Amino acid sequence: MKKFTFSLAIVMIILVLSACGAKKYEPQAINEATDKCAVCNMQVKDDQFATQAVLKDGKSLKFDDIGCYNEWKSKNGTEQVGATFVRDYHSKEWIELEKAYYVYDKSFKSPMAYGIYSFKDKATAEKFIAENGKGKLMTGSELGSHTWERNSDKMKHMKDSHKPGDEGKQEMKDMKDMKDGHGGSEAKKEEPKVAH
């Protein structure tokens with residue numbers, strides 16, 4: 001009888017400890033009608049550039065570009081972050097930031113001109129680089145030492161788009177196209193090939 005009681009006590013302790021284990025954080029769906037970037041306040045598209053940090057209190061912060069998340073992290077740290085998610089460039093599947101692979105090139109289009117694409121595995125990222133003939137491969141841990149520079153030509157278009165009158169119309173179109181994931185008048189020439 002003592003053995004049975006002892007065994008039952010052990011089982012109960014294991015169950016209690018497993019229930020108190022690490023909290024599982026999940027990304028939330030993107031709602032394009034209401035979701036705004038926590039840094040630049042632009043609309044977060046339900047696309048391959050969406051990034052989100054799920055805080056330990058359950059709140060989800062969404063970003064239109066991984067560069068905006070980096071800016072938020074630089075100001076706020078990661079102590080309150082439970083998990084951060086990025087999307088695979090091809091499938092748009094959510095991946096934990098630390099487990100993804102990244103390809104950077106100044107000419108790559110992204111909503112805020114940081115030029116970083118995320119991939120679910122190293123082989124897919126390497127294939128993308130080979131097909132496009134450019135790009136620097138990085139792991140999640142290597143993002144910390146990345147320079148996080150924006151493409152100044154793309155940023156100039158975004159600033160010029162705020163001009164009144166006709167002179168800003170093309171820049172506004174370019175900014176909208178960049179935000180929608182399509183290149184502007186100049187960026188279309190540099191669009192990377194997309195393999196499926």
# chains A, B, ... in the order shown; residues from 1 in each chain; ligands from 1
>>> closest_atom_pairs(of="segment 77-122 of chain A", to="segment 51-54 of chain A", cutoff="10 Å", atoms="only C-alpha atoms", output="tab-separated table")
residue	atom	partner	partner_atom	distance
A:Thr78	CA	A:Ala53	CA	9.4
A:Gln80	CA	A:Val54	CA	8.9
A:Val81	CA	A:Val54	CA	6.0
A:Gly82	CA	A:Val54	CA	5.7
A:Ala83	CA	A:Val54	CA	5.4
A:Thr84	CA	A:Ala53	CA	4.3
A:Phe85	CA	A:Gln52	CA	5.3
A:Val86	CA	A:Thr51	CA	4.6
A:Arg87	CA	A:Thr51	CA	6.9
A:Trp94	CA	A:Thr51	CA	8.7
A:Ile95	CA	A:Thr51	CA	9.6
A:Glu96	CA	A:Gln52	CA	9.7
A:Leu97	CA	A:Thr51	CA	8.8
>>> write_last_selection(atoms="all heavy atoms", output="CSV table (one decimal), in the first residue's frame")
chain,number,residue,atom,x,y,z
A,78,THR,N,14.1,42.6,-24.8
A,78,THR,CA,13.3,41.4,-25.1
A,78,THR,C,12.8,40.8,-23.8
A,78,THR,O,12.2,39.7,-23.9
A,78,THR,CB,14.2,40.4,-25.9
A,78,THR,OG1,15.3,40.1,-25.1
A,78,THR,CG2,14.6,40.9,-27.2
A,80,GLN,N,10.2,41.4,-22.0
A,80,GLN,CA,8.8,41.1,-22.0
A,80,GLN,C,8.3,40.3,-23.1
A,80,GLN,O,7.1,40.0,-23.2
A,80,GLN,CB,8.1,42.5,-22.0
A,80,GLN,CG,8.4,43.4,-23.1
A,80,GLN,CD,7.7,44.7,-23.0
A,80,GLN,OE1,6.5,44.8,-22.6
A,80,GLN,NE2,8.4,45.8,-23.4
A,81,VAL,N,9.2,39.9,-24.0
A,81,VAL,CA,8.8,39.1,-25.2
A,81,VAL,C,8.8,37.6,-24.9
A,81,VAL,O,9.8,37.1,-24.5
A,81,VAL,CB,9.8,39.4,-26.4
A,81,VAL,CG1,9.4,38.6,-27.6
A,81,VAL,CG2,9.7,40.9,-26.8
A,82,GLY,N,7.7,36.9,-25.2
A,82,GLY,CA,7.6,35.5,-25.0
A,82,GLY,C,8.2,34.8,-26.2
A,82,GLY,O,9.0,33.8,-26.1
A,83,ALA,N,7.9,35.3,-27.4
A,83,ALA,CA,8.4,34.7,-28.7
A,83,ALA,C,8.2,35.7,-29.8
A,83,ALA,O,7.3,36.5,-29.8
A,83,ALA,CB,7.6,33.4,-29.0
A,84,THR,N,9.0,35.6,-30.8
A,84,THR,CA,8.9,36.4,-32.0
A,84,THR,C,8.8,35.5,-33.2
A,84,THR,O,9.5,34.5,-33.3
A,84,THR,CB,10.2,37.4,-32.1
A,84,THR,OG1,10.3,38.1,-30.9
A,84,THR,CG2,10.0,38.3,-33.3
A,85,PHE,N,8.0,35.9,-34.1
A,85,PHE,CA,7.7,35.1,-35.3
A,85,PHE,C,7.9,35.9,-36.6
A,85,PHE,O,7.6,37.1,-36.6
A,85,PHE,CB,6.3,34.6,-35.3
A,85,PHE,CG,6.0,33.7,-34.1
A,85,PHE,CD1,5.5,34.2,-33.0
A,85,PHE,CD2,6.2,32.3,-34.2
A,85,PHE,CE1,5.2,33.4,-31.9
A,85,PHE,CE2,6.0,31.5,-33.1
A,85,PHE,CZ,5.5,32.0,-32.0
A,86,VAL,N,8.5,35.3,-37.6
A,86,VAL,CA,8.6,35.8,-39.0
A,86,VAL,C,7.9,34.9,-39.9
A,86,VAL,O,7.5,33.8,-39.5
A,86,VAL,CB,10.1,36.0,-39.4
A,86,VAL,CG1,10.7,37.1,-38.5
A,86,VAL,CG2,10.8,34.7,-39.3
A,87,ARG,N,7.8,35.3,-41.2
A,87,ARG,CA,7.2,34.4,-42.1
A,87,ARG,C,8.1,33.9,-43.2
A,87,ARG,O,9.0,34.6,-43.6
A,87,ARG,CB,6.1,35.2,-42.8
A,87,ARG,CG,4.8,35.2,-41.9
A,87,ARG,CD,3.7,35.5,-42.7
A,87,ARG,NE,2.5,35.0,-42.2
A,87,ARG,CZ,1.3,35.6,-42.4
A,87,ARG,NH1,1.2,36.7,-43.0
A,87,ARG,NH2,0.2,35.0,-41.9
A,94,TRP,N,4.3,30.9,-40.5
A,94,TRP,CA,5.0,31.5,-39.3
A,94,TRP,C,6.1,30.6,-38.9
A,94,TRP,O,5.9,29.4,-38.7
A,94,TRP,CB,4.0,31.7,-38.2
A,94,TRP,CG,3.0,32.8,-38.4
A,94,TRP,CD1,1.7,32.7,-38.6
A,94,TRP,CD2,3.3,34.3,-38.5
A,94,TRP,NE1,1.1,33.9,-38.8
A,94,TRP,CE2,2.0,34.9,-38.7
A,94,TRP,CE3,4.4,35.0,-38.4
A,94,TRP,CZ2,1.9,36.3,-38.8
A,94,TRP,CZ3,4.3,36.4,-38.5
A,94,TRP,CH2,3.1,37.0,-38.7
A,95,ILE,N,7.3,31.2,-38.5
A,95,ILE,CA,8.4,30.5,-38.0
A,95,ILE,C,9.0,31.3,-36.9
A,95,ILE,O,9.0,32.6,-36.9
A,95,ILE,CB,9.6,30.5,-39.1
A,95,ILE,CG1,9.0,30.1,-40.5
A,95,ILE,CG2,10.7,29.6,-38.7
A,95,ILE,CD1,9.9,30.6,-41.6
A,96,GLU,N,9.5,30.7,-35.8
A,96,GLU,CA,10.1,31.4,-34.8
A,96,GLU,C,11.4,32.1,-35.3
A,96,GLU,O,12.1,31.5,-36.1
A,96,GLU,CB,10.5,30.5,-33.6
A,96,GLU,CG,9.3,30.0,-32.8
A,96,GLU,CD,9.7,29.1,-31.6
A,96,GLU,OE1,10.6,29.6,-30.9
A,96,GLU,OE2,9.1,28.0,-31.5
A,97,LEU,N,11.5,33.4,-34.9
A,97,LEU,CA,12.6,34.2,-35.4
A,97,LEU,C,14.0,33.5,-35.3
A,97,LEU,O,14.8,33.5,-36.2
A,97,LEU,CB,12.7,35.5,-34.7
A,97,LEU,CG,13.7,36.5,-35.2
A,97,LEU,CD1,13.2,37.9,-35.2
A,97,LEU,CD2,14.9,36.5,-34.3
>>> select_by_dssp(residues="segment 14-82 of chain A", states="helix (DSSP H, G or I)", output="CSV table (one decimal) with N, CA and C atoms, in the first residue's frame")
chain,number,residue,atom,x,y,z
A,14,ILE,N,4.8,14.9,-11.0
A,14,ILE,CA,5.1,15.0,-12.4
A,14,ILE,C,4.1,15.8,-13.2
A,15,LEU,N,2.8,15.5,-13.0
A,15,LEU,CA,1.7,16.2,-13.6
A,15,LEU,C,1.7,17.7,-13.3
A,16,VAL,N,1.9,18.0,-12.1
A,16,VAL,CA,1.9,19.4,-11.6
A,16,VAL,C,3.1,20.1,-12.3
A,17,LEU,N,4.2,19.5,-12.3
A,17,LEU,CA,5.4,20.2,-12.9
A,17,LEU,C,5.3,20.3,-14.4
A,18,SER,N,4.7,19.4,-15.1
A,18,SER,CA,4.5,19.5,-16.5
A,18,SER,C,3.5,20.6,-16.8
A,19,ALA,N,2.5,20.8,-16.0
A,19,ALA,CA,1.5,21.8,-16.2
A,19,ALA,C,2.1,23.2,-16.0
A,66,ILE,N,10.7,43.3,-40.7
A,66,ILE,CA,11.5,42.8,-39.6
A,66,ILE,C,12.4,43.9,-39.0
A,67,GLY,N,12.7,44.9,-39.9
A,67,GLY,CA,13.5,46.0,-39.4
A,67,GLY,C,12.8,46.9,-38.4
A,68,CYS,N,11.5,47.0,-38.5
A,68,CYS,CA,10.7,47.7,-37.5
A,68,CYS,C,10.7,47.0,-36.2
A,69,TYR,N,10.7,45.6,-36.2
A,69,TYR,CA,10.8,44.8,-35.0
A,69,TYR,C,12.1,45.1,-34.4
A,70,ASN,N,13.2,45.1,-35.2
A,70,ASN,CA,14.5,45.4,-34.6
A,70,ASN,C,14.6,46.7,-33.9
A,71,GLU,N,14.0,47.7,-34.5
A,71,GLU,CA,13.9,49.1,-33.9
A,71,GLU,C,13.2,49.0,-32.6
A,72,TRP,N,12.1,48.3,-32.6
A,72,TRP,CA,11.3,48.2,-31.3
A,72,TRP,C,12.1,47.5,-30.3
A,73,LYS,N,12.8,46.4,-30.6
A,73,LYS,CA,13.6,45.6,-29.7
A,73,LYS,C,14.8,46.5,-29.2
A,74,SER,N,15.4,47.3,-30.0
A,74,SER,CA,16.5,48.1,-29.6
A,74,SER,C,16.0,49.1,-28.5
A,75,LYS,N,14.8,49.6,-28.6
A,75,LYS,CA,14.3,50.6,-27.6
A,75,LYS,C,13.7,49.9,-26.3
A,76,ASN,N,13.1,48.7,-26.5
A,76,ASN,CA,12.4,48.1,-25.4
A,76,ASN,C,13.0,46.8,-24.8
>>> closest_atom_pairs(of="segment 42-71 of chain A", to="segment 31-36 of chain A", cutoff="10 Å", atoms="only C-alpha atoms", output="Markdown table")
| residue | atom | partner | partner_atom | distance |
| --- | --- | --- | --- | --- |
| A:Met42 | CA | A:Lys36 | CA | 5.3 |
| A:Gln43 | CA | A:Lys36 | CA | 4.5 |
| A:Val44 | CA | A:Lys36 | CA | 5.3 |
| A:Lys45 | CA | A:Glu32 | CA | 5.6 |
| A:Asp46 | CA | A:Glu32 | CA | 6.5 |
| A:Asp47 | CA | A:Glu32 | CA | 9.9 |
| A:Leu61 | CA | A:Lys36 | CA | 9.0 |
| A:Lys62 | CA | A:Lys36 | CA | 6.9 |
| A:Phe63 | CA | A:Lys36 | CA | 7.2 |
| A:Asp64 | CA | A:Lys36 | CA | 7.7 |
>>> residues_around(residues="Lys106 of chain A", least_positions_apart="6", cutoff="8 Å", atoms="only C-alpha atoms", output="list in words")
Tyr114, Gly115, Arg150 and Asn151 of chain A
>>> decode(residues="segment 110-150 of chain A", atoms="N, CA and C atoms", output="JSON list (two decimals), in the first residue's frame")
[["chain", "number", "residue", "atom", "x", "y", "z"],
["A", 110, "SER", "N", 11.39, 45.44, -49.44],
["A", 110, "SER", "CA", 10.60, 45.09, -48.26],
["A", 110, "SER", "C", 9.87, 46.36, -47.84],
["A", 111, "PRO", "N", 8.80, 46.24, -47.05],
["A", 111, "PRO", "CA", 7.95, 47.41, -46.77],
["A", 111, "PRO", "C", 8.68, 48.65, -46.28],
["A", 112, "MET", "N", 9.70, 48.49, -45.43],
["A", 112, "MET", "CA", 10.42, 49.66, -44.92],
["A", 112, "MET", "C", 11.86, 49.70, -45.41],
["A", 113, "ALA", "N", 12.12, 49.01, -46.53],
["A", 113, "ALA", "CA", 13.40, 49.07, -47.25],
["A", 113, "ALA", "C", 14.59, 48.50, -46.48],
["A", 114, "TYR", "N", 14.34, 47.52, -45.59],
["A", 114, "TYR", "CA", 15.45, 46.86, -44.90],
["A", 114, "TYR", "C", 16.05, 45.72, -45.71],
["A", 115, "GLY", "N", 15.32, 45.20, -46.71],
["A", 115, "GLY", "CA", 15.86, 44.21, -47.63],
["A", 115, "GLY", "C", 16.20, 42.85, -47.06],
["A", 116, "ILE", "N", 15.45, 42.41, -46.04],
["A", 116, "ILE", "CA", 15.70, 41.11, -45.42],
["A", 116, "ILE", "C", 14.51, 40.19, -45.66],
["A", 117, "TYR", "N", 14.79, 38.99, -46.19],
["A", 117, "TYR", "CA", 13.75, 37.99, -46.42],
["A", 117, "TYR", "C", 14.01, 36.82, -45.48],
["A", 118, "SER", "N", 12.94, 36.20, -44.97],
["A", 118, "SER", "CA", 13.10, 35.07, -44.05],
["A", 118, "SER", "C", 12.65, 33.77, -44.72],
["A", 119, "PHE", "N", 13.33, 32.69, -44.32],
["A", 119, "PHE", "CA", 13.08, 31.37, -44.91],
["A", 119, "PHE", "C", 13.03, 30.33, -43.80],
["A", 120, "LYS", "N", 12.22, 29.28, -44.03],
["A", 120, "LYS", "CA", 12.05, 28.27, -42.99],
["A", 120, "LYS", "C", 13.25, 27.35, -42.81],
["A", 121, "ASP", "N", 14.11, 27.24, -43.86],
["A", 121, "ASP", "CA", 15.29, 26.39, -43.72],
["A", 121, "ASP", "C", 16.45, 26.94, -44.54],
["A", 122, "LYS", "N", 17.62, 26.46, -44.20],
["A", 122, "LYS", "CA", 18.85, 26.94, -44.83],
["A", 122, "LYS", "C", 18.91, 26.61, -46.31],
["A", 123, "ALA", "N", 18.47, 25.42, -46.69],
["A", 123, "ALA", "CA", 18.53, 24.99, -48.09],
["A", 123, "ALA", "C", 17.69, 25.91, -48.98],
["A", 124, "THR", "N", 16.50, 26.29, -48.53],
["A", 124, "THR", "CA", 15.64, 27.17, -49.31],
["A", 124, "THR", "C", 16.27, 28.55, -49.45],
["A", 125, "ALA", "N", 16.87, 29.04, -48.37],
["A", 125, "ALA", "CA", 17.54, 30.35, -48.40],
["A", 125, "ALA", "C", 18.72, 30.32, -49.37],
["A", 126, "GLU", "N", 19.51, 29.25, -49.31],
["A", 126, "GLU", "CA", 20.66, 29.13, -50.21],
["A", 126, "GLU", "C", 20.22, 29.03, -51.67],
["A", 127, "LYS", "N", 19.13, 28.33, -51.92],
["A", 127, "LYS", "CA", 18.59, 28.21, -53.27],
["A", 127, "LYS", "C", 18.15, 29.58, -53.79],
["A", 128, "PHE", "N", 17.52, 30.36, -52.93],
["A", 128, "PHE", "CA", 17.07, 31.70, -53.30],
["A", 128, "PHE", "C", 18.28, 32.57, -53.69],
["A", 129, "ILE", "N", 19.34, 32.49, -52.91],
["A", 129, "ILE", "CA", 20.56, 33.26, -53.22],
["A", 129, "ILE", "C", 21.14, 32.82, -54.56],
["A", 130, "ALA", "N", 21.22, 31.51, -54.78],
["A", 130, "ALA", "CA", 21.78, 30.98, -56.03],
["A", 130, "ALA", "C", 20.95, 31.42, -57.23],
["A", 131, "GLU", "N", 19.62, 31.38, -57.11],
["A", 131, "GLU", "CA", 18.75, 31.75, -58.22],
["A", 131, "GLU", "C", 18.81, 33.24, -58.54],
["A", 132, "ASN", "N", 19.05, 34.07, -57.53],
["A", 132, "ASN", "CA", 19.08, 35.51, -57.74],
["A", 132, "ASN", "C", 20.48, 36.08, -57.91],
["A", 133, "GLY", "N", 21.49, 35.26, -57.65],
["A", 133, "GLY", "CA", 22.86, 35.70, -57.82],
["A", 133, "GLY", "C", 23.30, 36.77, -56.84],
["A", 134, "LYS", "N", 22.59, 36.89, -55.73],
["A", 134, "LYS", "CA", 22.96, 37.86, -54.71],
["A", 134, "LYS", "C", 22.24, 37.53, -53.41],
["A", 135, "GLY", "N", 22.78, 38.09, -52.32],
["A", 135, "GLY", "CA", 22.17, 37.91, -51.01],
["A", 135, "GLY", "C", 23.17, 37.36, -50.02],
["A", 136, "LYS", "N", 23.08, 37.85, -48.81],
["A", 136, "LYS", "CA", 23.93, 37.38, -47.70],
["A", 136, "LYS", "C", 23.07, 36.51, -46.79],
["A", 137, "LEU", "N", 23.52, 35.29, -46.52],
["A", 137, "LEU", "CA", 22.80, 34.37, -45.66],
["A", 137, "LEU", "C", 23.11, 34.66, -44.19],
["A", 138, "MET", "N", 22.06, 34.68, -43.35],
["A", 138, "MET", "CA", 22.24, 34.90, -41.91],
["A", 138, "MET", "C", 21.31, 33.97, -41.13],
["A", 139, "THR", "N", 21.73, 33.60, -39.95],
["A", 139, "THR", "CA", 20.87, 32.86, -39.02],
["A", 139, "THR", "C", 20.17, 33.87, -38.11],
["A", 140, "GLY", "N", 19.23, 33.37, -37.32],
["A", 140, "GLY", "CA", 18.54, 34.24, -36.37],
["A", 140, "GLY", "C", 19.48, 34.92, -35.40],
["A", 141, "SER", "N", 20.50, 34.19, -34.94],
["A", 141, "SER", "CA", 21.45, 34.78, -34.00],
["A", 141, "SER", "C", 22.35, 35.82, -34.67],
["A", 142, "GLU", "N", 22.60, 35.66, -35.96],
["A", 142, "GLU", "CA", 23.45, 36.62, -36.68],
["A", 142, "GLU", "C", 22.73, 37.93, -37.00],
["A", 143, "LEU", "N", 21.41, 37.95, -36.88],
["A", 143, "LEU", "CA", 20.67, 39.21, -37.09],
["A", 143, "LEU", "C", 21.12, 40.28, -36.10],
["A", 144, "GLY", "N", 21.55, 39.85, -34.92],
["A", 144, "GLY", "CA", 21.99, 40.79, -33.89],
["A", 144, "GLY", "C", 23.16, 41.64, -34.32],
["A", 145, "SER", "N", 24.03, 41.11, -35.18],
["A", 145, "SER", "CA", 25.19, 41.88, -35.62],
["A", 145, "SER", "C", 24.98, 42.52, -37.00],
["A", 146, "HIS", "N", 23.78, 42.37, -37.55],
["A", 146, "HIS", "CA", 23.46, 43.00, -38.84],
["A", 146, "HIS", "C", 23.43, 44.52, -38.67],
["A", 147, "THR", "N", 23.77, 45.27, -39.72],
["A", 147, "THR", "CA", 23.84, 46.74, -39.62],
["A", 147, "THR", "C", 22.47, 47.42, -39.64],
["A", 148, "TRP", "N", 21.44, 46.76, -40.13],
["A", 148, "TRP", "CA", 20.07, 47.29, -40.16],
["A", 148, "TRP", "C", 19.96, 48.64, -40.87],
["A", 149, "GLU", "N", 20.64, 48.74, -42.00],
["A", 149, "GLU", "CA", 20.54, 49.96, -42.80],
["A", 149, "GLU", "C", 19.41, 49.81, -43.80],
["A", 150, "ARG", "N", 18.70, 50.90, -44.01],
["A", 150, "ARG", "CA", 17.65, 50.90, -45.02],
["A", 150, "ARG", "C", 18.24, 51.32, -46.36]]
